[in-house]
Amino acid sequence: MTDVLDPPVAAHHDDHEHEEHHGPTGILKWMTTTDHKVIGMSYTVTAVIMMVIGGALAEVIRAQLTTSNNSLVSFAQYNELFTMHGSVMIYLFVGPFAFGALANIIVPIQIGAPDMAFPRLNALSYWLYLMGSITMLSGFFVAGGAANFGWVAYAPLSNSINTPGAGADLWIGGLLLTGFSAIFTGVNLCATIFYLRAPGMTMFRMPIFTWNLLITAILILLAFPVLTAGLIMLYCDRHFGTHIFSVQGGGVPVLWQHIFWFWGHPEVYILALPFFGMVTEIIAVFSRKPVFGYKGMVFATLSIGALSLGVWAHHMFTTGVVLLPFFSIMSLLIAVPTGIKMFNWIGTMWRGEVWFSTAMLMAVGFLITFLIGGLTGIYLASPPLDFFTHDTYFVVAHFHSIVMALVLGAMGGLYYWGPKITGYLLNETIGKIQFWFLFIGTQVFTLPMYLLGLRGMPRRVATYALHPGWQFLNQVSTVGAVLVGISTIAFMVNVVYSWKKYPAGDNPWDGHTLEWFTTSPPPHHNFYRLPQIRSERPTWDYNHPGHTAAEHGHHQVHHEEIPAP
Amino acid sequence: MSKVSSVEPPALSPQGVSNRTRRWRRVRRIVALPVAALALAGCTVPTFGASPGATTSSQSTFHLWQGFSVGAVIVGGLTTVLILWAVFKYRRKSDRIPKQSQYHIPLEMTYTIIPIIIVLGLFAATMVVENKEVANPKTNVTIDVNAFQWGWKFTYPGQNVVVVGQTTEDPIMVMPVNTDVHINLTSSDVIHGFYVHAFNFSRYALPGVLNQFTLRAVNTGTFDGQCTQLCGLYHSLMVFRVKVVSQSEYAAWLASNANANAAQAAQTATNQQTSSIVPTKPAKSQGNN
């Protein structure tokens with residue numbers, strides 16, 4: 001792989017790269033770059049910083065809830081804490097990490113493209129995201145503090161009477177900026193995937209990660225403009241005397257919930273699909289097998305995308321003003337394609353040669369955690385059970401299982417693709433320590449929350465003075481949160497410890513897709529040469545010509561079949 | 001697909017067929033086991049952390065919860081076993097390249113169709129319980145529940161009884177047992193959540209919307225209730241209690257409270273309501289000063 005050929009094309013690229021090197025260097029290069037890899041790295045670093053900030057806020061929340069009637073923080077501060085924890089994690093970490101950081105770096109390389117379709121727009125996306133993040137977080141430094149109406153900002157609590165102060169406006173402004181950033185990234189990903197695929201890279205030869213990002217991008221384009229419009233309406237209500245969400249002026253408060261969740265539920269899949277893609281790639285590579293049921297996987301992702309646009313009101317079952325059966329069956333149906341994915345992941349490992357590097361451990365941790373979150377999600381799709389658990393800690397536990405699964409996937413993605421981006425591997429021992437803290441910590445902090453919800457603890461309460469019985473479970477949950485915090489520290493230690501220590505080579509994992517065909521880190525415009533693309537695994541096909549994927553039905557059922565467990 | 005496989009062509013030998021049949025028998029036996037266990041367990045299905053509660057609908061919700069949980073445990077357990085099996089059985093032991101199998105249409109169809117059937121079953125069970133729960137039969141007892149920042153007001157229309165309480169002075173909603181009680185739920189300001197844990201039930205109190213539902217308590221006792229929807233600073237303290245009493249006690253309670261504080265309470269309540277319903281000019285952002 002390292003014996004780089006020197007065809008005319010490569011020579012041309014070398015010239016080009018040489019020319020680039022006369023440009024600005026250092027911080028000026030970073031600030032003026034349009035290279036998707038540099039922008040992607042900026043996204044990665046920013047998003048990980050946001051994860052640390054959001055995690056720190058979570059630790060304070062858990063500290064407050066450790067004892068009943070605790071007064072570590074005031075009621076007002078507590079409301080700011082959970083609002084900003086949710087906002088930072090959802091708006092500034094998980095999403096941008098998925099479609100800004102890893103997608104930005106990996107998708108163009110996976111399809112053999114030199115860069116994103118609109119490199120300058122890509123740079124604008126990043127700067128909007130950074131400015132939006134700073135804007136939202138600056139709420140902590142203004143009089144009255146940061147936004148405190150929950151990350152969902154339900155009207156009329158979010159109007160200017162109930163939530164005066166600049167913190168809320170900065171929250172709206174920050175979200176508008178990051179929203180535009182997401183929309184531009186969505187446009188960019190769609191254009192890149194539709195127009196910049198290398199010769200031979202047909203749609204059904206795209207890696208699953210790229211497929212998932214395409215569907216994510218389409219969902220972004222459908223959902224985010226709705227949120228942007230809603231935020232502008234909210235801002236007008238707050239400052240320009242409109243009454244879109246206020247009863248007093250003839251408005252409808254529930255309209256905000258419809259707008260918010262019409263964005264908010266596709267957003268769940270905008271967050272999740274990229275990580276599904278990452279995990280798919282990791283499992284296939286570390287099992288040395290093709291993705292089991294590749295086409296089924298693509299259709300499952302497409303149907304998740306389609307269904308996700310018709311389920312938003314399952315967040316609103318208890319409003320009493322939505323059609324329960326429709327949103328119930330639509331939400332339940334999402335379990336089907338998600339289940340298909342789960343079995344495809346298992347099928348990919350089945351009869352493989354599974355290598356438990358840190359990335360693979362994280363992927364398996366994702367499977368288990370996502371299974372828990374997915375199964376508890378099915379309860380919430382049933383209106384009577386939602387009446388029972390809505391706005392209690394059961395729901396908090398459910399979406400933390402899901403989101404922590406995504407964090408496990410994200411860490412898997414960093415261990416898997418980090419060497420490609422930086423050229424250096426991370427330390428595997430520290431990585432495994434990190435995994436066990438993260439995985440066990442996740443279960444220890446989420447599982448007691450399910451029980452707390454079933455015992456009636458509402459979410460977003462700063463204290464539970466009247467229910468000292470909830471204390472023990474809260475303490476267990478806090479221990480779990482501390483374990484997760486330690487895992488984050490382990491990750492940072494690993495980055496410092498492994499700094500430029502273990503050269504990765506071009507293809508450390510015997511990868512399948514095009515990013516493993518080029519150098520680590522890839523050159524400017526990514527490739528000196530490309531292999532023939534005849535399947536979704538061009539690099540594998542090139543390295544193992546005798547081991548292409550078996551055809552449909554040519555799977556030798558007669559002697560190799562999945563046995564019952 | 002892309003490339004003709006270089007591996008030997010498949011051959012469905014008679015032996016393969018018989019292997020498959022044997023396998024299916026094994027699968028059937030494995031599936032039959034938990035089903036039989038459940039059937040034997042009968043009425044002692046575990047609670048899965050929930051409780052039957054104190055109303056008719058809380059009990060049907062609880063049974064639905066049990067049904068969903070049995071399904072979740074079976075599906076989740078099976079999937080976990082498959083994951084762990086794959087993880088432990090297929091650990092990399094050599095540099096061997098495994099067979100590159102990618103598709104198995106019958107298997108993929110199976111794990112598409114079975115979940116669809118499960119989902120339709122869950123939906124059917126959901127509809128049965130839901131239709132009971134959202135039915136609003138004619139009732140003799142009505143309670144108007146009004147939520148405000150940060151407390152509750154329970155008005156008994158036609159009875160001259162009003163109970164109001166804010167934050168820590170939790171007001172008590174008294175209702176008769178074994179009687180359909182019609183609740184009219186409203187909010188004076190922001191969105192609140194009317195949630196009684198023992199009723200396994202919650203509903204939003206929305207400004208500008210009248211939310212109606214029926215509660216039929218089957219046990220007497222006092223139960224904790226709390227606002228579940230974030231409503232501002234003292235959301236954590238917005239508690240109340242529900243006291244379910246016998247019908248005669250209820251009548252006596254109504255009579256003894258009718259004249260006592262009704263006038264006064266009504267007055268306070270009216271003030272509360274008018275102050276927030278009168279259109280207010282949205283204040284300019286306080287951040288400007």
# chains A, B, ... in the order shown; residues from 1 in each chain; ligands from 1
$ residues_around --residues "Val291 in chain A" --least-positions-apart "4" --cutoff "8 Å" --atoms "only C-alpha atoms" --output "PyMOL selection string"
(chain A and resi 280-281+284+344-345+348) or (chain B and resi 102)
$ write_last_selection --atoms "C-alpha atoms" --output "PDB file, in the first residue's frame"
ATOM      1  CA  THR A 280     -21.587  -0.387  10.757  1.00  0.00           C
ATOM      2  CA  GLU A 281     -18.175   0.365   9.263  1.00  0.00           C
ATOM      3  CA  ALA A 284     -17.621  -4.885   9.332  1.00  0.00           C
ATOM      4  CA  ASN A 344     -27.600  -6.883  10.414  1.00  0.00           C
ATOM      5  CA  TRP A 345     -24.906  -5.775  12.851  1.00  0.00           C
ATOM      6  CA  THR A 348     -21.956  -8.984  10.235  1.00  0.00           C
TER       7      THR A 348
ATOM      8  CA  GLN B 102     -23.324 -10.845   2.702  1.00  0.00           C
TER       9      GLN B 102
END
$ closest_atom_pairs --of "range 47-153 of chain B" --to "range 191-197 of chain B" --cutoff "8 Å" --atoms "only C-alpha atoms" --output "JSON lines"
{"residue": "B:Gly53", "atom": "CA", "partner": "B:His197", "partner_atom": "CA", "distance": 7.8}
{"residue": "B:Ala147", "atom": "CA", "partner": "B:His192", "partner_atom": "CA", "distance": 6.6}
{"residue": "B:Phe148", "atom": "CA", "partner": "B:His192", "partner_atom": "CA", "distance": 7.7}
$ write_last_selection --atoms "N, CA and C atoms" --output "short mmCIF file (atom, residue, chain, number, x, y, z; two decimals), in the first residue's frame"
data_model
loop_
_atom_site.label_atom_id
_atom_site.label_comp_id
_atom_site.auth_asym_id
_atom_site.auth_seq_id
_atom_site.Cartn_x
_atom_site.Cartn_y
_atom_site.Cartn_z
N GLY B 53 -51.45 0.66 40.79
CA GLY B 53 -52.04 1.96 40.98
C GLY B 53 -53.44 1.89 41.55
N ALA B 147 -53.96 24.87 37.07
CA ALA B 147 -52.56 24.94 37.46
C ALA B 147 -52.05 26.35 37.22
N PHE B 148 -51.23 26.83 38.13
CA PHE B 148 -50.64 28.16 37.95
C PHE B 148 -49.25 28.14 38.54
#
$ closest_residue --among "A:Val493, A:Val407, A:Ile421, A:Ile283" --to "chain B" --atoms "only C-alpha atoms"
A:Ile283
$ select_by_dssp --residues "range 192-287 of chain A" --states "helix (DSSP H, G or I)" --output "PDB file with C-alpha atoms, in the first residue's frame"
ATOM      1  CA  THR A 192     -20.873  16.099  -2.603  1.00  0.00           C
ATOM      2  CA  ILE A 193     -22.483  12.690  -2.491  1.00  0.00           C
ATOM      3  CA  PHE A 194     -24.604  13.231  -5.589  1.00  0.00           C
ATOM      4  CA  TYR A 195     -21.969  14.864  -7.792  1.00  0.00           C
ATOM      5  CA  MET A 203     -25.010   4.679  -5.254  1.00  0.00           C
ATOM      6  CA  PHE A 204     -25.145   1.017  -4.257  1.00  0.00           C
ATOM      7  CA  ARG A 205     -21.381   0.892  -3.922  1.00  0.00           C
ATOM      8  CA  ILE A 208     -22.987   2.564   4.665  1.00  0.00           C
ATOM      9  CA  PHE A 209     -21.493   5.542   6.511  1.00  0.00           C
ATOM     10  CA  THR A 210     -21.841   7.678   3.383  1.00  0.00           C
ATOM     11  CA  TRP A 211     -25.361   6.366   2.778  1.00  0.00           C
ATOM     12  CA  ASN A 212     -26.363   7.283   6.293  1.00  0.00           C
ATOM     13  CA  LEU A 213     -24.878  10.745   5.945  1.00  0.00           C
ATOM     14  CA  LEU A 214     -26.783  11.259   2.693  1.00  0.00           C
ATOM     15  CA  ILE A 215     -30.045  10.453   4.451  1.00  0.00           C
ATOM     16  CA  THR A 216     -28.994  12.568   7.423  1.00  0.00           C
ATOM     17  CA  ALA A 217     -28.309  15.472   5.069  1.00  0.00           C
ATOM     18  CA  ILE A 218     -31.729  15.128   3.452  1.00  0.00           C
ATOM     19  CA  LEU A 219     -33.350  15.083   6.900  1.00  0.00           C
ATOM     20  CA  ILE A 220     -31.359  18.193   7.857  1.00  0.00           C
ATOM     21  CA  LEU A 221     -32.696  19.983   4.793  1.00  0.00           C
ATOM     22  CA  LEU A 222     -36.259  18.981   5.633  1.00  0.00           C
ATOM     23  CA  ALA A 223     -36.156  19.639   9.377  1.00  0.00           C
ATOM     24  CA  PHE A 224     -33.762  22.454  10.239  1.00  0.00           C
ATOM     25  CA  PRO A 225     -35.479  25.228   8.251  1.00  0.00           C
ATOM     26  CA  VAL A 226     -38.603  24.519  10.313  1.00  0.00           C
ATOM     27  CA  LEU A 227     -36.658  25.068  13.532  1.00  0.00           C
ATOM     28  CA  THR A 228     -35.115  28.235  12.129  1.00  0.00           C
ATOM     29  CA  ALA A 229     -38.570  29.571  11.295  1.00  0.00           C
ATOM     30  CA  GLY A 230     -39.825  28.630  14.746  1.00  0.00           C
ATOM     31  CA  LEU A 231     -36.920  30.378  16.445  1.00  0.00           C
ATOM     32  CA  ILE A 232     -37.586  33.540  14.471  1.00  0.00           C
ATOM     33  CA  MET A 233     -41.253  33.372  15.509  1.00  0.00           C
ATOM     34  CA  LEU A 234     -40.188  32.926  19.129  1.00  0.00           C
ATOM     35  CA  TYR A 235     -37.849  35.893  18.877  1.00  0.00           C
ATOM     36  CA  CYS A 236     -40.628  38.018  17.363  1.00  0.00           C
ATOM     37  CA  ASP A 237     -42.923  36.995  20.198  1.00  0.00           C
ATOM     38  CA  ARG A 238     -40.284  38.033  22.679  1.00  0.00           C
ATOM     39  CA  HIS A 239     -39.337  41.365  21.155  1.00  0.00           C
ATOM     40  CA  VAL A 247     -52.981  32.782  24.203  1.00  0.00           C
ATOM     41  CA  GLN A 248     -53.548  36.388  25.181  1.00  0.00           C
ATOM     42  CA  GLY A 249     -53.034  37.566  21.609  1.00  0.00           C
ATOM     43  CA  PRO A 253     -48.675  27.681  22.643  1.00  0.00           C
ATOM     44  CA  VAL A 254     -48.864  24.112  21.355  1.00  0.00           C
ATOM     45  CA  LEU A 255     -47.850  25.364  17.915  1.00  0.00           C
ATOM     46  CA  TRP A 256     -44.329  25.807  19.281  1.00  0.00           C
ATOM     47  CA  GLN A 257     -44.270  22.169  20.308  1.00  0.00           C
ATOM     48  CA  HIS A 258     -45.403  21.096  16.843  1.00  0.00           C
ATOM     49  CA  ILE A 259     -42.719  23.194  15.174  1.00  0.00           C
ATOM     50  CA  PHE A 260     -40.063  22.192  17.645  1.00  0.00           C
ATOM     51  CA  TRP A 261     -40.741  18.477  17.435  1.00  0.00           C
ATOM     52  CA  PHE A 262     -41.271  18.518  13.684  1.00  0.00           C
ATOM     53  CA  TRP A 263     -37.603  19.403  13.720  1.00  0.00           C
ATOM     54  CA  GLY A 264     -36.894  17.561  16.963  1.00  0.00           C
ATOM     55  CA  HIS A 265     -37.799  14.070  16.032  1.00  0.00           C
ATOM     56  CA  PRO A 266     -36.030  13.958  12.682  1.00  0.00           C
ATOM     57  CA  GLU A 267     -33.196  15.536  14.685  1.00  0.00           C
ATOM     58  CA  VAL A 268     -33.026  12.404  16.796  1.00  0.00           C
ATOM     59  CA  TYR A 269     -32.247  10.480  13.622  1.00  0.00           C
ATOM     60  CA  ILE A 270     -30.026  13.269  12.297  1.00  0.00           C
ATOM     61  CA  LEU A 271     -27.986  12.609  15.426  1.00  0.00           C
ATOM     62  CA  ALA A 272     -28.262   8.848  15.354  1.00  0.00           C
ATOM     63  CA  LEU A 273     -27.864   7.839  11.691  1.00  0.00           C
ATOM     64  CA  PRO A 274     -24.239   9.014  11.330  1.00  0.00           C
ATOM     65  CA  PHE A 275     -23.315   6.956  14.384  1.00  0.00           C
ATOM     66  CA  PHE A 276     -25.233   3.951  13.026  1.00  0.00           C
ATOM     67  CA  GLY A 277     -23.044   4.362   9.956  1.00  0.00           C
ATOM     68  CA  MET A 278     -19.833   4.575  11.974  1.00  0.00           C
ATOM     69  CA  VAL A 279     -20.693   1.486  13.951  1.00  0.00           C
ATOM     70  CA  THR A 280     -21.587  -0.387  10.757  1.00  0.00           C
ATOM     71  CA  GLU A 281     -18.175   0.365   9.263  1.00  0.00           C
ATOM     72  CA  ILE A 282     -16.338  -0.518  12.464  1.00  0.00           C
ATOM     73  CA  ILE A 283     -18.140  -3.830  12.946  1.00  0.00           C
ATOM     74  CA  ALA A 284     -17.621  -4.885   9.332  1.00  0.00           C
ATOM     75  CA  VAL A 285     -13.902  -4.019   9.308  1.00  0.00           C
ATOM     76  CA  PHE A 286     -13.086  -5.608  12.649  1.00  0.00           C
ATOM     77  CA  SER A 287     -15.060  -8.746  11.759  1.00  0.00           C
TER      78      SER A 287
END
$ residues_around --residues "range 71-83 of chain A" --least-positions-apart "3" --cutoff "12 Å" --atoms "only C-alpha atoms" --output "ChimeraX atom specification"
/A:53-68,86-91,136-137,139-141,144-154,158,163,167-168,171,396,459-465 /B:230-237
$ write_last_selection --atoms "C-alpha atoms" --output "PDB file, in the first residue's frame"
ATOM      1  CA  ILE A  53     -18.426  21.432  28.889  1.00  0.00           C
ATOM      2  CA  GLY A  54     -21.763  19.614  28.648  1.00  0.00           C
ATOM      3  CA  GLY A  55     -20.362  16.770  30.725  1.00  0.00           C
ATOM      4  CA  ALA A  56     -19.138  19.152  33.409  1.00  0.00           C
ATOM      5  CA  LEU A  57     -22.622  20.668  33.626  1.00  0.00           C
ATOM      6  CA  ALA A  58     -24.020  17.140  33.978  1.00  0.00           C
ATOM      7  CA  GLU A  59     -21.659  16.376  36.841  1.00  0.00           C
ATOM      8  CA  VAL A  60     -22.925  19.448  38.719  1.00  0.00           C
ATOM      9  CA  ILE A  61     -26.517  18.327  38.092  1.00  0.00           C
ATOM     10  CA  ARG A  62     -25.713  14.893  39.463  1.00  0.00           C
ATOM     11  CA  ALA A  63     -23.930  16.402  42.457  1.00  0.00           C
ATOM     12  CA  GLN A  64     -27.017  18.479  43.256  1.00  0.00           C
ATOM     13  CA  LEU A  65     -29.268  15.413  43.107  1.00  0.00           C
ATOM     14  CA  THR A  66     -26.997  13.269  45.275  1.00  0.00           C
ATOM     15  CA  THR A  67     -28.916  14.042  48.433  1.00  0.00           C
ATOM     16  CA  SER A  68     -32.514  14.958  48.973  1.00  0.00           C
ATOM     17  CA  GLY A  86     -29.130  19.502  27.088  1.00  0.00           C
ATOM     18  CA  SER A  87     -28.523  22.329  24.647  1.00  0.00           C
ATOM     19  CA  VAL A  88     -24.750  21.926  24.583  1.00  0.00           C
ATOM     20  CA  MET A  89     -24.931  18.168  24.187  1.00  0.00           C
ATOM     21  CA  ILE A  90     -27.638  18.070  21.512  1.00  0.00           C
ATOM     22  CA  TYR A  91     -27.019  21.255  19.545  1.00  0.00           C
ATOM     23  CA  MET A 136     -25.131  30.252  23.301  1.00  0.00           C
ATOM     24  CA  LEU A 137     -22.541  29.715  26.024  1.00  0.00           C
ATOM     25  CA  GLY A 139     -25.427  33.359  28.238  1.00  0.00           C
ATOM     26  CA  PHE A 140     -23.623  32.280  31.392  1.00  0.00           C
ATOM     27  CA  PHE A 141     -21.921  35.659  31.577  1.00  0.00           C
ATOM     28  CA  GLY A 144     -29.901  36.839  34.716  1.00  0.00           C
ATOM     29  CA  GLY A 145     -27.783  33.926  33.576  1.00  0.00           C
ATOM     30  CA  ALA A 146     -28.102  31.509  30.679  1.00  0.00           C
ATOM     31  CA  ALA A 147     -31.328  30.182  29.187  1.00  0.00           C
ATOM     32  CA  ASN A 148     -33.369  28.311  31.769  1.00  0.00           C
ATOM     33  CA  PHE A 149     -36.478  27.029  29.996  1.00  0.00           C
ATOM     34  CA  GLY A 150     -35.217  23.543  29.168  1.00  0.00           C
ATOM     35  CA  TRP A 151     -33.582  22.607  25.895  1.00  0.00           C
ATOM     36  CA  VAL A 152     -37.027  22.445  24.282  1.00  0.00           C
ATOM     37  CA  ALA A 153     -37.933  26.053  25.189  1.00  0.00           C
ATOM     38  CA  TYR A 154     -41.673  25.404  25.445  1.00  0.00           C
ATOM     39  CA  SER A 158     -39.931  30.955  26.854  1.00  0.00           C
ATOM     40  CA  THR A 163     -38.060  34.316  30.792  1.00  0.00           C
ATOM     41  CA  GLY A 167     -29.500  34.534  28.211  1.00  0.00           C
ATOM     42  CA  ALA A 168     -32.608  33.304  26.435  1.00  0.00           C
ATOM     43  CA  TRP A 171     -29.712  30.854  23.270  1.00  0.00           C
ATOM     44  CA  VAL A 396     -34.609  10.877  30.851  1.00  0.00           C
ATOM     45  CA  ARG A 459     -37.569  15.330  35.403  1.00  0.00           C
ATOM     46  CA  ARG A 460     -36.062  18.810  35.791  1.00  0.00           C
ATOM     47  CA  VAL A 461     -36.669  19.019  39.528  1.00  0.00           C
ATOM     48  CA  ALA A 462     -33.865  20.642  41.504  1.00  0.00           C
ATOM     49  CA  THR A 463     -34.680  18.710  44.651  1.00  0.00           C
ATOM     50  CA  TYR A 464     -36.903  15.975  45.986  1.00  0.00           C
ATOM     51  CA  ALA A 465     -37.269  16.988  49.614  1.00  0.00           C
TER      52      ALA A 465
ATOM     53  CA  LEU B 230     -40.949  22.503  33.626  1.00  0.00           C
ATOM     54  CA  CYS B 231     -42.822  25.687  34.523  1.00  0.00           C
ATOM     55  CA  GLY B 232     -40.191  28.047  35.856  1.00  0.00           C
ATOM     56  CA  LEU B 233     -38.350  28.721  39.056  1.00  0.00           C
ATOM     57  CA  TYR B 234     -40.342  26.723  41.631  1.00  0.00           C
ATOM     58  CA  HIS B 235     -41.287  23.829  39.355  1.00  0.00           C
ATOM     59  CA  SER B 236     -39.717  21.412  41.856  1.00  0.00           C
ATOM     60  CA  LEU B 237     -42.071  22.556  44.617  1.00  0.00           C
TER      61      LEU B 237
END
$ atom_distance --atom1 "CA of Leu28 in chain A" --atom2 "CA of Pro523 in chain A"
19.4 Å
$ residues_around --residues "range 363-377 of chain A" --least-positions-apart "2" --cutoff "7 Å" --atoms "only C-alpha atoms" --output "PyMOL selection string"
(chain A and resi 279+282-283+359-361+379-381+398-399+401-402+405-406+408-409+412+439) or (chain B and resi 72)
$ write_last_selection --atoms "N, CA and C atoms" --output "CSV table (one decimal), in the first residue's frame"
chain,number,residue,atom,x,y,z
A,279,VAL,N,-20.7,2.8,13.3
A,279,VAL,CA,-20.7,1.5,14.0
A,279,VAL,C,-20.7,0.4,12.9
A,282,ILE,N,-17.3,0.1,11.5
A,282,ILE,CA,-16.3,-0.5,12.5
A,282,ILE,C,-16.6,-2.0,12.6
A,283,ILE,N,-17.8,-2.4,12.7
A,283,ILE,CA,-18.1,-3.8,12.9
A,283,ILE,C,-17.7,-4.6,11.7
A,359,ALA,N,-11.9,0.5,19.2
A,359,ALA,CA,-13.0,0.9,18.3
A,359,ALA,C,-14.1,-0.1,18.3
A,360,MET,N,-13.7,-1.4,18.2
A,360,MET,CA,-14.7,-2.5,18.1
A,360,MET,C,-15.4,-2.6,19.5
A,361,LEU,N,-14.7,-2.5,20.6
A,361,LEU,CA,-15.3,-2.6,21.9
A,361,LEU,C,-16.4,-1.5,22.0
A,379,TYR,N,-41.9,1.4,24.6
A,379,TYR,CA,-42.9,1.7,25.6
A,379,TYR,C,-43.5,3.1,25.3
A,380,LEU,N,-42.6,4.1,25.1
A,380,LEU,CA,-43.0,5.5,25.0
A,380,LEU,C,-43.8,5.8,23.7
A,381,ALA,N,-43.8,4.8,22.8
A,381,ALA,CA,-44.6,5.0,21.6
A,381,ALA,C,-46.1,4.6,21.8
A,398,HIS,N,-34.3,6.8,29.2
A,398,HIS,CA,-34.5,6.3,27.8
A,398,HIS,C,-33.5,7.1,26.8
A,399,PHE,N,-33.6,8.4,26.9
A,399,PHE,CA,-32.9,9.1,25.8
A,399,PHE,C,-31.4,9.2,26.2
A,401,SER,N,-29.8,6.6,27.5
A,401,SER,CA,-29.3,5.3,26.9
A,401,SER,C,-29.0,5.5,25.4
A,402,ILE,N,-29.9,6.1,24.7
A,402,ILE,CA,-29.7,6.3,23.3
A,402,ILE,C,-28.5,7.2,23.1
A,405,ALA,N,-25.3,5.7,23.9
A,405,ALA,CA,-24.9,4.8,22.8
A,405,ALA,C,-24.2,5.5,21.7
A,406,LEU,N,-24.7,6.7,21.4
A,406,LEU,CA,-24.1,7.5,20.3
A,406,LEU,C,-22.7,8.0,20.7
A,408,LEU,N,-20.7,6.3,22.7
A,408,LEU,CA,-19.8,5.2,22.5
A,408,LEU,C,-19.5,5.0,21.1
A,409,GLY,N,-20.5,5.2,20.2
A,409,GLY,CA,-20.2,5.2,18.7
A,409,GLY,C,-19.2,6.3,18.3
A,412,GLY,N,-15.8,5.3,19.3
A,412,GLY,CA,-15.4,4.2,18.4
A,412,GLY,C,-14.9,4.9,17.1
A,439,PHE,N,-18.6,2.5,29.4
A,439,PHE,CA,-19.7,1.5,29.2
A,439,PHE,C,-20.4,1.2,30.6
B,72,ALA,N,-40.4,-7.1,25.7
B,72,ALA,CA,-39.1,-6.4,25.7
B,72,ALA,C,-38.0,-7.4,26.3
